[in-house]
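Reading through the structure tokens given below for one structure.
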Amino acid sequence: MAYILQQLLTKSAKAYPDKPAVWARGKSITYGELDQRSNQLAHFLRERGIQKGDRVGLFFPKCVESIVSMLGVLKAGGVYVPLDPQAPADRVGYIIANCGIRILITNSEKRSALAPETADTLECCLLTEGEGKGSDQLAWAELDKYPSSHPPAVTLVESDLAYILYTSGSTGRPKGVMLTHQNALTFVEWCAEEFQVRSEDRLSNHAPLHFDLSVFDVYNTLEAGATLYMITEELALFPTSLANFIEAQQITIWYSVPSALMLLLLHGRLTAEKLKSLRIILFAGEVFPMKYLRQLAEISTTSELYNLYGPTETNVCTYYKVERERLASLDKLPIGIACANTECFSVTPEGRLAAKGEAGELYVRGPSVTYGYWADPEKTKKMVVPNHFQENFEEKMYRTGDIVTVGEDGNYYFQGRRDSQIKSRGYRIELGEIESALLSHPEVREAAVLAIPDEVIGNRIRAVVVPHVAGSLTTVVLQQYCASRVPKYMIPELIDLYSELPKTSTGKIDRVKLAAEPAGVR
Amino acid sequence: MIEQAAIKDQIRAYVLEEFAQPKGKATITDEENLTKEGIIDSMGIFRLVAFLEETFKVRVGDEEITHDNLESVDAIERLVLSKSKK
């Protein structure tokens, strides 16, 4: 039985050495090659000084080398940190500094997009594409000279860190969720059992690799000896091309955010024929509107549909297998019941367990729960808290911040957030992080960021900004400023310039009043 | 019929104002890939198509909304010209 992630690859490489493991951008790699190449990368990293627990960044668009890199870092005993290839240099630089990345796997284009002060802190870059330059920018072919038959000898246990995923942070900077081999494997093993993933399966990888949905795609493929079909950032934009891709590659298991499925439904010219190969469709990350879920169920008659729920800190903690016979009468999709080896509680503000039908915050305990946030013990203490329902020994549980109720059917139902975190296209966004970005502009006196609910993408983002001097700022200037600080999906689509913000009697920004005013009125 | 140069100018101005500038890019070239770096996102593609249909009185079918047809200002111009000739 596997207790560290790379054992999933070792096992499948023995069973299926010549079978394609990963396909991306028209190129594929077999299990044997993936095993050997990741061994070589691991030896390279060890030679470059990577020790157990050291962080290695991955900063390049999705390709076959992404998976080689993840496994190579793990085999070296390291911790990989996938960076959003579309993130601004400032944010990438922050993450590199925050978790102390000294070796970055990237390509020459992305390497040159780094801020000079970030590049200076790196000891070396390994380039998946492009020519090497000196001793600190090495070409991929450099790996050829390292041993391929075995990984370096490193002792790892399941509680060692495997990867760090950065998500939006309410105080203005992203926070790194630390995940162990055990955290990931708890989820992967549950999925393998529940979805019966087999070696004949062909899994899609729609989510970016810095997004936790990709953990299922990558590791359940390796676990089963199946094949992973990576959907590039460009392909994901074009619904008809994507629908054709599903058909051409005969995808059997699909996993994405609901908004990606909605775009396919609205513009993909979907037919039952095109989706015939799919046996399982999984979605997570945001609420799937019933109207579109019913359409999907109608077109894809052969597949089982699952709503998966869980923040990055627990990966997935509850699931709901869509009951087709209930679809017509259900007005809200449940998030379901706890996954195996995971326990969920709904806790009232007074700290007791919520009764049936009563709203409470969802808490999670079990081996899938994170240790907390990299180098942020304060934030960790707030979110990963002692389990006060357990008196006999110390144990932690994670507070999700999600308000839920338990329905008559025994399922959890998501009701909202207890803070200002929102979802847009499945991305988790702290409105406070955008406000901090706006407020750091020297001309900005006050800023409030609001979410405008949107049927397809979940939420659109609107900002209201008060400049120090009227007329000194424009929407475009502020959007460009945000673009240098936050990822593109967090840049406010609408920015209104006000001379002052409405306030409550206690002097706080009156967000209710602001939200009630249509955009662009003042 | 609108002049060819005018078509390109209108496309470029729209892409710059609607997509590039709000995503922090002050300029774009006609060959620049608009999809790779996330300048146009998944919802943006459909705003762009609505703009093309409205401005140039053409009809763009879902099956024509592809990377090859929309990846750059040059590609978009080619798409519009091929349609308005019909």
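Here, A, B, ... name the chains of the structure tokens in the order displayed, residue numbers run from 1 inside each chain, and ligands are numbered from 1 in the same displayed order.
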Excluding Gln421 of chain A and any residue of its chain fewer than 6 positions from it, enumerate the residues within 7 Å of it, using only C-alpha atoms, and give them as a PDB file with C-alpha atoms, in the first residue's frame.
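Printed below is result_18.pdb as written:
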ATOM      1  CA  ARG A 428     -11.331  31.221  -4.361  1.00  0.00           C
ATOM      2  CA  ILE A 429     -10.969  34.965  -3.926  1.00  0.00           C
ATOM      3  CA  GLU A 430     -10.628  37.039  -0.753  1.00  0.00           C
ATOM      4  CA  LEU A 431     -12.138  40.435  -1.467  1.00  0.00           C
TER       5      LEU A 431
END
>> At a cut-off of 8 Å, which residues of chain A touch chain B? Count only C-alpha atoms and give the answer as an NGL selection string.
In response: :A and (86 or 233-241 or 267-269 or 476 or 479-484 or 488 or 491 or 493)
> Using only C-alpha atoms, which of A:Ala224, A:Val68, A:Leu327, A:Ala119 sits nearest Trp140 of chain A?
Replying inline: A:Val68
> Using only C-alpha atoms, which residues sit within 8 Å of Asp54 of chain A once same-chain residues fewer than 2 positions away are excluded, as a list in words?
Replying inline: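 Residues near the query, excluding close chain neighbours: Ile50, Gln51, Lys52, Val56, Gly77, Gly78, Val79 and Ile101 of chain A.
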> Tell me, which residues of segment 198-229 of chain A carry DSSP strand (DSSP E), written as a ChimeraX atom specification?
Replying inline: /A:202-205,227-229
> Contacts of Gln10 of chain B at 10 Å or less, counting only C-alpha atoms, minus same-chain residues fewer than 4 places along, as a PyMOL selection string?
Replying inline: chain B and resi 5-6+14-16+52+55-56+73+77
>> To one decimal place in Å, what is the distance between atom CA of His43 of chain A and atom CA of Asp144 of chain A?
In response: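 Computing it gives 10.8 Å between the two atoms.
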> Among segment 8-83 of chain B, which ones does DSSP place in alpha helix (DSSP H), written as JSON, numbers by chain?
Replying inline: {"B": [8, 9, 10, 11, 12, 13, 14, 15, 42, 43, 44, 45, 46, 47, 48, 49, 50, 51, 52, 53, 54, 55, 56, 67, 68, 69, 70, 73, 74, 75, 76, 77, 78, 79, 80, 81, 82, 83]}
Quick one: write out the picked residues with C-alpha atoms as an mmCIF file, in the first residue's frame?
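Contents of the output file again_20.cif:
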data_model
loop_
_atom_site.group_PDB
_atom_site.id
_atom_site.type_symbol
_atom_site.label_atom_id
_atom_site.label_comp_id
_atom_site.auth_asym_id
_atom_site.auth_seq_id
_atom_site.Cartn_x
_atom_site.Cartn_y
_atom_site.Cartn_z
ATOM 1 C CA LYS B 8 -8.360 46.108 -38.175
ATOM 2 C CA ASP B 9 -8.241 49.435 -36.324
ATOM 3 C CA GLN B 10 -11.655 48.805 -34.810
ATOM 4 C CA ILE B 11 -10.730 45.286 -33.724
ATOM 5 C CA ARG B 12 -7.445 46.434 -32.232
ATOM 6 C CA ALA B 13 -9.056 49.333 -30.370
ATOM 7 C CA TYR B 14 -11.778 47.083 -28.957
ATOM 8 C CA VAL B 15 -9.378 44.346 -27.837
ATOM 9 C CA SER B 42 -13.544 32.332 -21.289
ATOM 10 C CA MET B 43 -16.368 34.849 -20.909
ATOM 11 C CA GLY B 44 -14.419 37.473 -22.850
ATOM 12 C CA ILE B 45 -14.379 35.271 -25.951
ATOM 13 C CA PHE B 46 -18.150 35.567 -26.175
ATOM 14 C CA ARG B 47 -18.147 39.322 -25.597
ATOM 15 C CA LEU B 48 -15.651 39.603 -28.413
ATOM 16 C CA VAL B 49 -17.814 37.515 -30.743
ATOM 17 C CA ALA B 50 -20.887 39.609 -29.896
ATOM 18 C CA PHE B 51 -18.869 42.734 -30.715
ATOM 19 C CA LEU B 52 -17.760 41.327 -34.084
ATOM 20 C CA GLU B 53 -21.299 40.309 -35.000
ATOM 21 C CA GLU B 54 -22.711 43.675 -34.049
ATOM 22 C CA THR B 55 -20.004 45.898 -35.524
ATOM 23 C CA PHE B 56 -19.319 44.097 -38.764
ATOM 24 C CA HIS B 67 -8.200 29.344 -31.239
ATOM 25 C CA ASP B 68 -7.165 29.662 -34.900
ATOM 26 C CA ASN B 69 -9.863 32.241 -35.604
ATOM 27 C CA LEU B 70 -9.467 34.373 -32.495
ATOM 28 C CA VAL B 73 -5.883 40.772 -33.847
ATOM 29 C CA ASP B 74 -4.558 39.459 -37.184
ATOM 30 C CA ALA B 75 -6.544 36.234 -36.871
ATOM 31 C CA ILE B 76 -9.726 38.064 -35.904
ATOM 32 C CA GLU B 77 -9.345 40.359 -38.897
ATOM 33 C CA ARG B 78 -8.946 37.349 -41.202
ATOM 34 C CA LEU B 79 -12.124 35.854 -39.767
ATOM 35 C CA VAL B 80 -14.118 39.050 -40.264
ATOM 36 C CA LEU B 81 -12.812 39.563 -43.816
ATOM 37 C CA SER B 82 -13.596 35.987 -44.810
ATOM 38 C CA LYS B 83 -17.147 36.498 -43.566
#
>> Report, in Å to a single decimal, how far apart atom CA of Gly49 of chain A and atom CA of Gly93 of chain A are.
In response: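 Computing it gives 21.3 Å between the two atoms.
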> Can you list, as a VMD selection string, every protein, DNA or RNA residue that comes within 9 Å of segment 204-210 of chain A when you count only C-alpha atoms, leaving out same-chain residues fewer than 5 positions away?
Replying inline: chain A and resid 61 to 62 66 81 to 84 164 to 167 215 to 218 227 to 233 236 246 251 to 257 260
> If you measure from atom CA of Ser28 of chain A to atom CA of Leu8 of chain A, what distance in Å do you get, rounded to one decimal?
Replying inline: 18.7 Å
Contact table segment 226-331 of chain A vs segment 185-188 of chain A, cut-off 12 Å, shortest pair per residue, only C-alpha atoms, as JSON lines:
{"residue": "A:Leu308", "atom": "CA", "partner": "A:Phe187", "partner_atom": "CA", "distance": 11.4}
{"residue": "A:Tyr309", "atom": "CA", "partner": "A:Phe187", "partner_atom": "CA", "distance": 11.9}
{"residue": "A:Gly310", "atom": "CA", "partner": "A:Phe187", "partner_atom": "CA", "distance": 10.9}
{"residue": "A:Thr312", "atom": "CA", "partner": "A:Phe187", "partner_atom": "CA", "distance": 11.6}
{"residue": "A:Glu313", "atom": "CA", "partner": "A:Phe187", "partner_atom": "CA", "distance": 11.9}
{"residue": "A:Thr314", "atom": "CA", "partner": "A:Phe187", "partner_atom": "CA", "distance": 8.7}
{"residue": "A:Asn315", "atom": "CA", "partner": "A:Phe187", "partner_atom": "CA", "distance": 7.2}
{"residue": "A:Val316", "atom": "CA", "partner": "A:Phe187", "partner_atom": "CA", "distance": 6.9}
{"residue": "A:Cys317", "atom": "CA", "partner": "A:Phe187", "partner_atom": "CA", "distance": 8.3}
{"residue": "A:Thr318", "atom": "CA", "partner": "A:Phe187", "partner_atom": "CA", "distance": 10.7}
{"residue": "A:Tyr319", "atom": "CA", "partner": "A:Phe187", "partner_atom": "CA", "distance": 11.6}
Write the selection just made, keeping C-alpha atoms, as a PDB file, in the first residue's frame?
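What ended up in part-v1.pdb:
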ATOM      1  CA  LEU A 308     -17.513  17.344  -4.764  1.00  0.00           C
ATOM      2  CA  TYR A 309     -16.995  19.903  -2.029  1.00  0.00           C
ATOM      3  CA  GLY A 310     -14.011  20.981   0.023  1.00  0.00           C
ATOM      4  CA  THR A 312      -7.894  23.303  -0.501  1.00  0.00           C
ATOM      5  CA  GLU A 313      -7.145  22.784   3.226  1.00  0.00           C
ATOM      6  CA  THR A 314      -9.014  19.449   3.129  1.00  0.00           C
ATOM      7  CA  ASN A 315      -9.005  18.869  -0.656  1.00  0.00           C
ATOM      8  CA  VAL A 316     -12.456  17.286  -0.854  1.00  0.00           C
ATOM      9  CA  CYS A 317     -14.370  16.526   2.327  1.00  0.00           C
ATOM     10  CA  THR A 318     -17.955  15.900   1.208  1.00  0.00           C
ATOM     11  CA  TYR A 319     -19.554  14.553  -1.952  1.00  0.00           C
TER      12      TYR A 319
END
